[in-house]
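See below for upload20.txt, which holds compact mmCIF, C-alpha atoms.
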```txt
# COMPACT_ATOMS: atom_id res chain seq x y z
CA MET A 18 43.49 37.24 -4.40
CA LYS A 19 40.41 36.02 -6.24
CA ARG A 20 41.58 32.62 -7.38
CA PRO A 21 43.00 31.44 -4.03
CA LEU A 22 39.77 32.55 -2.34
CA HIS A 23 37.68 30.53 -4.79
CA LEU A 24 39.94 27.53 -4.31
CA GLN A 25 39.47 27.83 -0.57
CA GLN A 26 35.70 27.88 -1.00
CA ILE A 27 35.85 24.76 -3.17
CA ASN A 28 38.07 23.08 -0.61
CA TRP A 29 35.55 23.81 2.14
CA ILE A 30 32.72 22.29 0.08
CA VAL A 31 34.84 19.15 -0.29
CA ALA A 32 35.64 19.20 3.43
CA SER A 33 31.95 19.43 4.35
CA GLN A 34 31.20 16.29 2.36
CA GLY A 35 34.03 14.41 4.06
CA ALA A 36 32.74 15.52 7.47
CA ALA A 37 29.19 14.34 6.75
CA GLN A 38 30.45 10.95 5.57
CA VAL A 39 32.41 10.30 8.75
CA ILE A 40 29.68 11.56 11.07
CA LEU A 41 27.36 8.92 9.64
CA LEU A 42 30.00 6.21 10.18
CA THR A 43 30.47 7.21 13.82
CA GLN A 44 26.75 6.72 14.39
CA ILE A 45 26.59 3.11 13.21
CA PRO A 46 26.57 1.51 16.70
CA LEU A 47 23.96 3.97 17.98
CA ILE A 48 21.77 3.62 14.89
CA ILE A 49 21.85 -0.15 15.44
CA GLU A 50 20.88 0.31 19.10
CA TYR A 51 18.21 3.03 18.74
CA CYS A 52 16.70 2.17 15.35
CA GLY A 53 16.86 -1.61 15.46
CA LEU A 54 18.82 -1.94 12.20
CA ASP A 55 21.66 -4.47 11.94
CA LEU A 56 25.11 -3.91 10.46
CA ALA A 57 24.34 -5.79 7.25
CA THR A 58 21.29 -3.58 6.64
CA LEU A 59 23.25 -0.38 7.26
CA GLY A 60 26.02 -1.64 4.99
CA ALA A 61 23.45 -2.30 2.28
CA LEU A 62 21.99 1.22 2.66
CA VAL A 63 25.43 2.76 2.30
CA ALA A 64 26.11 0.49 -0.67
CA VAL A 65 22.90 1.65 -2.40
CA SER A 66 23.99 5.26 -1.96
CA THR A 67 27.51 4.70 -3.21
CA PHE A 68 26.26 2.63 -6.15
CA CYS A 69 24.16 5.62 -7.26
CA LEU A 70 27.20 7.86 -6.76
CA MET A 71 29.16 5.49 -8.96
CA ILE A 72 26.79 5.48 -11.92
CA ALA A 73 25.93 9.20 -11.78
CA GLY A 74 29.46 10.61 -11.33
CA PRO A 75 30.58 10.33 -14.97
CA VAL A 76 27.27 11.80 -16.18
CA TRP A 77 27.65 14.87 -13.98
CA GLY A 78 31.30 15.20 -15.02
CA GLU A 79 30.36 15.29 -18.71
CA LEU A 80 27.56 17.79 -18.03
CA GLY A 81 30.00 20.01 -16.16
CA ASP A 82 32.27 20.03 -19.21
CA LYS A 83 29.36 21.09 -21.41
CA ILE A 84 27.36 23.62 -19.38
CA GLY A 85 29.73 24.73 -16.62
CA ARG A 86 30.54 23.75 -13.06
CA LYS A 87 28.35 26.09 -11.03
CA PRO A 88 24.85 25.00 -12.15
CA ILE A 89 25.81 21.34 -11.80
CA LEU A 90 27.31 21.89 -8.35
CA LEU A 91 24.29 23.86 -7.12
CA PHE A 92 21.88 21.22 -8.40
CA GLY A 93 23.86 18.41 -6.79
CA LEU A 94 24.15 20.15 -3.43
CA SER A 95 20.43 20.99 -3.39
CA GLY A 96 19.43 17.40 -4.12
CA ALA A 97 21.88 16.04 -1.55
CA LEU A 98 20.50 18.40 1.09
CA LEU A 99 16.92 17.28 0.42
CA ALA A 100 17.96 13.62 0.63
CA GLN A 101 19.80 14.14 3.93
CA VAL A 102 16.77 15.88 5.48
CA LEU A 103 14.63 12.88 4.52
CA PHE A 104 17.21 10.36 5.76
CA VAL A 105 17.62 11.98 9.18
CA ALA A 106 13.85 12.42 9.63
CA LEU A 107 13.29 8.73 8.88
CA LEU A 108 15.93 7.56 11.36
CA VAL A 109 14.48 9.76 14.11
CA ALA A 110 10.95 8.55 13.34
CA LEU A 111 12.17 4.95 13.46
CA ALA A 112 13.95 5.50 16.76
CA GLN A 113 10.82 7.10 18.25
CA GLY A 114 8.60 4.25 17.09
CA TYR A 115 6.58 6.32 14.62
CA LEU A 116 7.44 3.95 11.76
CA ASP A 117 7.73 0.18 11.54
CA THR A 118 10.99 -1.22 10.26
CA ASP A 119 9.71 -2.51 6.91
CA THR A 120 8.09 0.81 5.96
CA ALA A 121 11.10 2.77 7.13
CA LEU A 122 13.51 0.61 5.11
CA VAL A 123 11.71 1.34 1.85
CA ALA A 124 11.85 5.08 2.52
CA LEU A 125 15.47 4.89 3.70
CA VAL A 126 16.49 3.18 0.47
CA ALA A 127 14.70 5.92 -1.51
CA SER A 128 16.51 8.62 0.45
CA ARG A 129 19.89 6.97 -0.18
CA ILE A 130 19.16 6.70 -3.91
CA LEU A 131 18.23 10.38 -4.03
CA TYR A 132 21.36 11.31 -2.12
CA GLY A 133 23.69 9.21 -4.27
CA LEU A 134 22.35 10.50 -7.58
CA ASN A 135 22.74 14.14 -6.51
CA ALA A 136 25.90 14.01 -4.38
CA ALA A 137 27.68 12.39 -7.34
CA ALA A 138 27.97 15.87 -8.87
CA ILE A 139 29.91 17.41 -6.00
CA PHE A 140 33.39 15.89 -6.09
CA PRO A 141 33.90 15.78 -9.89
CA CYS A 142 32.78 19.42 -10.17
CA CYS A 143 34.98 20.57 -7.30
CA GLN A 144 38.07 18.73 -8.56
CA ALA A 145 37.67 19.89 -12.16
CA TRP A 146 36.86 23.45 -11.07
CA ALA A 147 39.91 23.61 -8.80
CA ILE A 148 42.15 22.45 -11.67
CA GLU A 149 40.70 25.13 -13.96
CA LEU A 150 41.07 27.92 -11.37
CA GLY A 151 44.68 26.98 -10.61
CA GLU A 152 47.86 26.89 -12.65
CA GLU A 153 48.49 23.81 -14.79
CA GLN A 154 51.97 23.26 -13.44
CA GLN A 155 50.51 23.13 -9.92
CA ARG A 156 48.14 20.25 -10.69
CA LEU A 157 49.66 17.77 -8.21
CA SER A 158 49.68 20.42 -5.49
CA ILE A 159 46.05 21.38 -6.19
CA LEU A 160 44.91 17.77 -6.14
CA SER A 161 46.83 17.22 -2.91
CA LYS A 162 45.01 20.16 -1.34
CA ILE A 163 41.63 18.85 -2.52
CA SER A 164 42.41 15.47 -0.99
CA ALA A 165 43.72 17.19 2.14
CA ALA A 166 40.45 19.15 2.39
CA ALA A 167 38.48 15.90 2.31
CA ASN A 168 40.73 14.56 5.08
CA LEU A 169 40.31 17.74 7.08
CA GLY A 170 36.54 17.31 6.84
CA ARG A 171 36.83 13.72 7.98
CA GLY A 172 38.86 14.95 10.93
CA LEU A 173 36.41 17.72 11.84
CA GLY A 174 33.35 15.48 11.45
CA PRO A 175 33.94 13.37 14.55
CA LEU A 176 34.84 16.48 16.55
CA LEU A 177 31.47 17.94 15.60
CA ALA A 178 29.74 14.69 16.58
CA LEU A 179 31.45 14.14 19.94
CA PRO A 180 29.55 16.75 22.01
CA ALA A 181 26.20 15.26 21.01
CA LEU A 182 27.48 11.71 21.49
CA VAL A 183 27.89 12.44 25.19
CA ALA A 184 24.09 12.57 25.40
CA GLY A 185 23.94 9.09 23.83
CA SER A 186 21.37 10.14 21.25
CA LEU A 187 21.11 10.62 17.49
CA TRP A 188 21.66 14.39 17.67
CA PRO A 189 24.92 14.25 15.65
CA LEU A 190 22.83 13.33 12.61
CA LEU A 191 21.70 16.95 12.49
CA TRP A 192 25.12 17.73 11.00
CA LEU A 193 24.14 15.67 7.96
CA VAL A 194 21.72 18.49 7.19
CA LEU A 195 23.73 21.49 8.34
CA LEU A 196 26.90 20.61 6.41
CA PRO A 197 25.38 20.39 2.90
CA LEU A 198 23.33 23.49 3.73
CA SER A 199 26.52 25.46 4.46
CA ALA A 200 28.18 24.08 1.32
CA LEU A 201 25.18 25.13 -0.79
CA ALA A 202 25.28 28.65 0.66
CA LEU A 203 29.00 28.88 -0.10
CA ALA A 204 28.59 27.60 -3.66
CA LEU A 205 26.15 30.42 -4.43
CA PHE A 206 29.03 32.92 -4.16
CA LEU A 207 31.36 31.07 -6.52
CA PRO A 208 31.77 32.64 -9.98
CA GLN A 209 30.14 31.07 -13.01
CA ALA A 210 32.64 28.91 -14.87
CA SER A 211 32.52 26.68 -17.88
CA SER A 212 34.93 24.28 -19.49
CA LYS A 213 35.60 25.10 -23.15
CA LYS A 214 36.63 22.17 -25.27
CA THR A 215 39.78 22.53 -27.29
CA ALA A 216 40.50 20.73 -30.56
CA LYS A 217 42.56 18.25 -28.58
CA GLN A 218 39.65 17.59 -26.22
CA LYS A 219 37.22 17.05 -29.10
CA ALA A 220 39.59 14.59 -30.71
CA GLU A 221 39.96 12.63 -27.47
CA THR A 222 38.67 9.06 -27.65
CA THR A 223 37.59 6.59 -25.01
CA HIS A 224 40.70 4.44 -25.58
CA TRP A 225 42.61 3.92 -22.35
CA PRO A 226 46.25 2.75 -22.31
CA THR A 227 47.33 -0.01 -19.92
CA ALA A 228 48.80 2.39 -17.35
CA THR A 229 45.64 4.50 -17.22
CA MET A 230 43.43 1.44 -16.73
CA GLY A 231 45.77 0.30 -13.98
CA PHE A 232 45.56 3.65 -12.16
CA PHE A 233 41.76 3.55 -12.31
CA ALA A 234 41.83 0.01 -10.88
CA ILE A 235 44.13 1.18 -8.07
CA ALA A 236 41.63 3.94 -7.26
CA LEU A 237 38.85 1.35 -7.10
CA LEU A 238 40.76 -1.06 -4.87
CA GLY A 239 41.99 1.74 -2.62
CA THR A 240 38.45 2.69 -1.65
CA VAL A 241 37.47 -0.99 -1.39
CA SER A 242 40.15 -1.24 1.31
CA ILE A 243 39.04 1.96 3.08
CA GLY A 244 35.37 0.98 2.96
CA GLN A 245 36.04 -2.41 4.55
CA LEU A 246 38.02 -0.82 7.35
CA GLN A 247 35.51 1.94 8.06
CA VAL A 248 32.40 -0.24 8.16
CA VAL A 249 33.87 -2.69 10.71
CA MET A 250 35.60 -0.15 12.94
CA GLY A 251 32.70 0.37 15.35
CA PRO A 252 31.75 -3.34 15.62
CA VAL A 253 35.42 -4.32 16.09
CA LEU A 254 35.73 -1.92 19.00
CA GLN A 255 32.68 -3.54 20.58
CA ASP A 256 33.52 -7.20 19.94
CA LEU A 257 37.33 -7.29 20.14
CA TYR A 258 37.94 -4.44 22.57
CA GLY A 259 34.85 -4.86 24.79
CA LEU A 260 33.40 -1.35 24.41
CA SER A 261 29.72 -0.47 24.72
CA ALA A 262 27.75 0.91 21.78
CA LEU A 263 28.25 4.46 23.05
CA GLY A 264 31.91 3.80 23.82
CA ALA A 265 32.46 2.31 20.37
CA SER A 266 30.82 5.32 18.68
CA SER A 267 32.89 7.78 20.70
CA THR A 268 36.14 5.89 20.11
CA THR A 269 35.37 5.51 16.42
CA ALA A 270 34.82 9.26 16.23
CA ILE A 271 38.14 9.95 17.93
CA LEU A 272 40.04 7.46 15.75
CA LEU A 273 38.53 8.73 12.51
CA ALA A 274 39.33 12.30 13.52
CA ALA A 275 42.92 11.39 14.39
CA VAL A 276 43.62 9.47 11.19
CA ALA A 277 41.96 12.12 9.02
CA ILE A 278 44.03 14.90 10.58
CA CYS A 279 47.11 12.72 10.10
CA GLY A 280 46.25 12.33 6.41
CA PHE A 281 45.67 16.07 6.12
CA LEU A 282 49.05 16.89 7.66
CA VAL A 283 50.88 14.39 5.45
CA GLN A 284 49.27 15.75 2.28
CA VAL A 285 49.82 19.40 3.16
CA GLY A 286 53.31 18.95 4.60
CA LEU A 287 54.81 16.22 2.41
CA VAL A 288 52.80 15.08 -0.61
CA ARG A 289 52.33 18.51 -2.17
CA LYS A 290 56.12 19.00 -2.18
CA ILE A 291 56.80 15.86 -4.22
CA LYS A 292 57.60 16.68 -7.85
CA HIS A 293 56.92 13.25 -9.35
CA PRO A 294 53.52 11.59 -8.70
CA GLN A 295 55.07 8.17 -9.40
CA ILE A 296 57.08 8.54 -6.19
CA SER A 297 53.97 9.50 -4.24
CA LEU A 298 52.18 6.43 -5.59
CA MET A 299 55.00 4.05 -4.68
CA ILE A 300 55.35 5.43 -1.16
CA GLY A 301 51.60 5.10 -0.72
CA VAL A 302 51.52 1.44 -1.81
CA LEU A 303 54.45 0.53 0.44
CA CYS A 304 52.92 2.17 3.52
CA MET A 305 49.49 0.68 2.82
CA GLY A 306 50.93 -2.81 2.54
CA LEU A 307 52.94 -2.58 5.76
CA GLY A 308 50.05 -0.93 7.59
CA THR A 309 47.46 -3.50 6.53
CA ALA A 310 49.69 -6.43 7.51
CA THR A 311 50.42 -4.90 10.92
CA LEU A 312 46.79 -4.00 11.52
CA SER A 313 45.55 -7.48 10.64
CA LEU A 314 48.10 -9.25 12.86
CA ALA A 315 47.65 -6.95 15.86
CA LEU A 316 43.86 -6.40 15.73
CA GLY A 317 42.41 -6.69 19.22
CA SER A 318 45.46 -5.12 20.90
CA ALA A 319 46.98 -1.66 21.20
CA PHE A 320 49.65 -2.65 18.65
CA ALA A 321 47.06 -2.24 15.90
CA ALA A 322 47.47 1.57 16.19
CA PRO A 323 50.81 1.74 14.30
CA GLY A 324 49.29 -0.34 11.53
CA LEU A 325 46.34 2.02 11.24
CA LEU A 326 48.71 4.99 11.15
CA LEU A 327 50.81 3.47 8.37
CA PHE A 328 47.71 2.63 6.35
CA VAL A 329 46.45 6.22 6.62
CA ILE A 330 49.83 7.63 5.58
CA GLY A 331 49.77 5.28 2.61
CA ILE A 332 46.35 6.51 1.49
CA ALA A 333 47.52 10.11 1.87
CA PHE A 334 50.32 9.47 -0.65
CA LEU A 335 48.36 7.11 -2.90
CA VAL A 336 45.33 9.23 -3.85
CA PRO A 337 47.11 12.39 -5.11
CA GLY A 338 49.69 10.18 -6.82
CA TYR A 339 47.33 8.30 -9.11
CA SER A 340 45.07 11.34 -9.54
CA ALA A 341 47.96 13.43 -10.86
CA LEU A 342 49.16 10.62 -13.12
CA LEU A 343 45.68 10.25 -14.59
CA SER A 344 45.22 13.99 -15.09
CA ARG A 345 48.44 14.21 -17.13
CA GLY A 346 46.90 12.19 -19.92
CA GLN A 347 43.43 13.79 -19.98
CA GLN A 348 42.20 17.22 -20.96
CA ARG A 349 38.49 17.00 -20.19
CA ASN A 350 38.60 17.47 -16.45
CA GLY A 351 34.93 16.79 -15.77
CA ARG A 352 35.07 13.54 -17.72
CA LEU A 353 38.25 12.44 -15.94
CA PHE A 354 37.10 13.18 -12.41
CA GLY A 355 33.64 11.80 -13.11
CA LEU A 356 35.23 8.48 -14.05
CA LEU A 357 37.56 8.68 -11.07
CA SER A 358 34.53 9.30 -8.86
CA LEU A 359 32.98 6.16 -10.38
CA MET A 360 36.04 4.17 -9.28
CA HIS A 361 36.06 5.69 -5.80
CA THR A 362 32.39 5.24 -5.07
CA GLY A 363 32.35 1.84 -6.72
CA GLY A 364 35.13 0.85 -4.34
CA TYR A 365 33.21 2.13 -1.33
CA THR A 366 30.12 0.23 -2.52
CA ILE A 367 32.08 -3.01 -2.68
CA GLY A 368 34.00 -2.28 0.52
CA PHE A 369 30.98 -1.46 2.67
CA ALA A 370 28.93 -4.40 1.39
CA VAL A 371 31.76 -6.93 1.49
CA GLY A 372 33.17 -5.61 4.76
CA GLY A 373 29.86 -5.92 6.59
CA TRP A 374 29.22 -9.39 5.14
CA LEU A 375 32.71 -10.70 5.95
CA TYR A 376 32.40 -9.41 9.50
CA GLU A 377 29.16 -11.30 9.99
CA GLN A 378 30.84 -14.45 8.63
CA ASN A 379 34.14 -14.21 10.50
CA PRO A 380 34.29 -11.48 13.19
CA VAL A 381 37.62 -12.82 14.50
CA GLN A 382 39.45 -12.03 11.21
CA PRO A 383 37.49 -9.14 9.68
CA LEU A 384 40.31 -7.76 7.50
CA THR A 385 40.84 -10.74 5.18
CA GLY A 386 39.23 -8.92 2.26
CA MET A 387 41.29 -5.83 2.96
CA LEU A 388 44.53 -7.84 2.80
CA PHE A 389 43.48 -9.19 -0.59
CA SER A 390 42.59 -5.78 -2.07
CA VAL A 391 45.82 -4.14 -0.86
CA SER A 392 47.84 -7.01 -2.34
CA LEU A 393 46.15 -6.41 -5.70
CA ILE A 394 47.02 -2.71 -5.45
CA GLY A 395 50.70 -3.62 -5.12
CA ILE A 396 50.60 -5.87 -8.18
CA LEU A 397 48.73 -3.31 -10.29
CA THR A 398 51.13 -0.55 -9.28
CA VAL A 399 54.11 -2.51 -10.60
CA ILE A 400 52.31 -3.27 -13.88
CA SER A 401 50.95 0.27 -14.36
CA LEU A 402 54.21 2.09 -13.61
CA ALA A 403 56.14 -0.27 -15.87
CA SER A 404 53.72 0.54 -18.69
CA PHE A 405 53.83 4.26 -17.85
CA TRP A 406 57.64 4.42 -17.99
CA LYS A 407 57.68 2.38 -21.17
CA LYS A 408 55.35 4.85 -22.88
CA ALA A 409 57.03 7.99 -21.53
CA PRO A 410 59.93 8.23 -24.05
CA GLU A 411 57.50 7.98 -26.98
CA ALA A 412 55.96 11.39 -26.31
CA PRO A 413 57.77 14.71 -25.78
CA GLU A 414 57.64 15.96 -22.23
CA THR A 415 55.34 18.93 -21.82
CA SER A 416 55.87 21.84 -19.52
CA GLU A 417 53.07 20.46 -17.34
CA ALA A 418 54.78 17.08 -17.06
CA LYS A 419 58.07 18.75 -16.13
CA ALA A 420 56.37 20.73 -13.42
CA ILE A 421 54.75 17.62 -11.99
```

Kindly present the structure from the file in C-alpha cells form.
Amino acid sequence: MKRPLHLQQINWIVASQGAAQVILLTQIPLIIEYCGLDLATLGALVAVSTFCLMIAGPVWGELGDKIGRKPILLFGLSGALLAQVLFVALLVALAQGYLDTDTALVALVASRILYGLNAAAIFPCCQAWAIELGEEQQRLSILSKISAAANLGRGLGPLLALPALVAGSLWPLLWLVLLPLSALALALFLPQASSKKTAKQKAETTHWPTATMGFFAIALLGTVSIGQLQVVMGPVLQDLYGLSALGASSTTAILLAAVAICGFLVQVGLVRKIKHPQISLMIGVLCMGLGTATLSLALGSAFAAPGLLLFVIGIAFLVPGYSALLSRGQQRNGRLFGLLSLMHTGGYTIGFAVGGWLYEQNPVQPLTGMLFSVSLIGILTVISLASFWKKAPEAPETSEAKAI
C-alpha cells in the first residue's frame, strides 16, 4: 500500500542519519590518533554542529508547515551531504599531512556549521511527515517506529564501520558521505506533501502549560545524558579497560550496535503496544535511573554491562513516551517536532561538551554529570505527570487521546 511504503522510506531516511552519527562516534579514538586532535577538540566540533542543529530545527519545522515537507527535506539532505563531503576530505587531508592543524580546525568548524544548519531539517520533517501520512489514532505507534528506525540506524552504523576498522584506517568515514547520498536519492521519490493549517492551528499560541514545558525539559536532559555517555565511551574503554585505540574503536562500534539493536527491539516489540504514553514515560525513567546508578558504580568492570542495558531500555521507553504526550497537545506538527529537535540537539550539545570536559577533569568518575541529569529527569517526570493528570479532567477526551 502507498502509505506504508512512504512511511518505510521516511523511516530509512531517519535510520541513515542515526547510522552516520554513530559511525562518527566509533571513529573518535582513531581520529585522535591519525589526525592529532584531542577529545576536547572533537567534543567542541560536535557541539558546534549540534548547536546549529538546535537553533535551525524550529525554523525548518515552521517552514515545513508553510511550504511542505518535501522541498525542505531535499534542501536539508543536500546541504548535509555537501557538509559531510567537506568534513571527511578535511580529516583525510589532516591525517595525510596536507593541512596544518590550525588551518584544518577553521575549515572543520565551517563544515560542522554547514552540516548542523542543514541536517536540522531532516528529523522534524520526517517526524511530522510520518504523522501526516499515518492515522491519528496510531500516533504513539508511528513515533515509536520513527524512534526505532533511528535505533536501527545506530545499530547498523557500527556494523558498516567494522570491516574498515580492521584495516585501522579512516575508511569508515566514507559512510558519512554514502548514507546521506542514499537518503537524498530516496527522498526524491517521496510524494509532495504540505501541511494545511486549520482554524485551530491558526489560533494556537506560544503559551506552554507546565506539563508541556516539563516534557520538553525531559527531552533536553535525556539527550544530555546520552551525549555524555557516548562521548566518553571510547576513552573509557582505553583508560579503564586497557584497550588500544583500534580496540577501543572496534569495541565501541560493537557496543553501540548492540545497544541500538536492543533499543530497536524494545520499541518495536513492547513500546508500540503500550496504550498510554504516561506508562511508557514512567517505565523509561525508572530503567534509566537504575541503569545509570549501576553503570556508574560498576564502570571499569564487566558488571557495567547490565547498567548499560537498563539505561538503553529506559531511553527506548522514554523518547516515544514524551513525544506522544507532547503531540497530543499540538496540531502544528512541524512546529512541535522542530522545537523537540531543538531540545534533543541542545541536549547533545551540552552532553558532548560537558562529557568531554568532565572526562578530562576526572577520568576515574566520568559519569558524575550523567547521574545529575538523570536525577533531574526523575524529578521533572513527577512534576510534569502530576500537572498533566491535574489538567486532564478539564478537557473532554478526544478520540485521538482514547486511542493513545

Problem - Contacts of region 32-34 of chain A at 6 Å (all atoms listed in the file; same-chain gap of 4+ positions) as a VMD selection string - result: chain A and resid 166 to 167 170 196

Practice task
Name all residues at most 10 Å from region 117-122 of chain A (count only C-alpha atoms; drop same-chain ones fewer than 3 positions away) and give them as a count of residues only.
Solution key: 16

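With only C-alpha atoms taken into account, the protein and nucleic acid residues at most 8 Å from Lys162 (chain A) (excluding it and anything under 2 positions from it in its own chain) are Asn28, Ser158, Ile159, Leu160, Ser164, Ala165, Ala166, Gln284, Val285 and Arg289 of chain A.
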
Selected residues written out with C-alpha atoms, as a PDB file, in the frame of the given file:
```
ATOM      1  CA  ASN A  28      38.070  23.080  -0.610  1.00  0.00           C
ATOM      2  CA  SER A 158      49.680  20.420  -5.490  1.00  0.00           C
ATOM      3  CA  ILE A 159      46.050  21.380  -6.190  1.00  0.00           C
ATOM      4  CA  LEU A 160      44.910  17.770  -6.140  1.00  0.00           C
ATOM      5  CA  SER A 164      42.410  15.470  -0.990  1.00  0.00           C
ATOM      6  CA  ALA A 165      43.720  17.190   2.140  1.00  0.00           C
ATOM      7  CA  ALA A 166      40.450  19.150   2.390  1.00  0.00           C
ATOM      8  CA  GLN A 284      49.270  15.750   2.280  1.00  0.00           C
ATOM      9  CA  VAL A 285      49.820  19.400   3.160  1.00  0.00           C
ATOM     10  CA  ARG A 289      52.330  18.510  -2.170  1.00  0.00           C
TER      11      ARG A 289
END
```

Handout entry: Nearest to Leu193 (chain A), chosen from A:Val371, A:Val39, A:Ile89, A:Ala341, with only C-alpha atoms counted in the distances
Key = A:Val39

Practice task
Just give me the gap between CA of Ser266 (chain A) and CA of Thr43 (chain A) in Å, one decimal is fine.
Solution key: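 Atom-to-atom, CA of Ser266 (chain A) and CA of Thr43 (chain A) are spaced 5.2 Å apart.
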
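If you measure from each of A:Leu207, A:Leu237, A:Leu169, A:Leu190 to Leu282 (chain A) using only C-alpha atoms, the closest one turns out to be A:Leu169.
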
Handout entry: For Pro380 (chain A): contacts at 10 Å, all atoms listed in the file, fewer than 4 positions along chain excluded, given as a PyMOL selection string
Key = chain A and resi 249+252-253+256-257+373-376+384

Handout entry: Counting all atoms listed in the file, the option among A:Thr269, A:Asn168, A:Ser161, A:Gln113 closest to Phe334 (chain A)
Key =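 For Phe334 (chain A), the nearest of the given residues is A:Ser161.
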
Handout entry: For region 176-181 of chain A: contacts at 12 Å, only C-alpha atoms, fewer than 4 positions along chain excluded, given as a ChimeraX atom specification
Key = /A:33,36-44,47,169-172,185-193,195-196,263-275,277-278

Problem - Closest of A:Leu70, A:Leu303, A:Ile163, A:Leu90 to Phe281 (chain A) - atom-to-atom distances counting all atoms listed in the file - result: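 The answer is A:Ile163, which sits nearest to Phe281 (chain A).
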
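Atom pair CA of Ser392 (chain A) / CA of Ala236 (chain A): separated by 13.5 Å.
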
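Minimum atom-to-atom distance to Met360 (chain A), evaluated using all atoms listed in the file, belongs to A:Val336 out of A:Leu307, A:Gln247, A:Val336, A:Val302.
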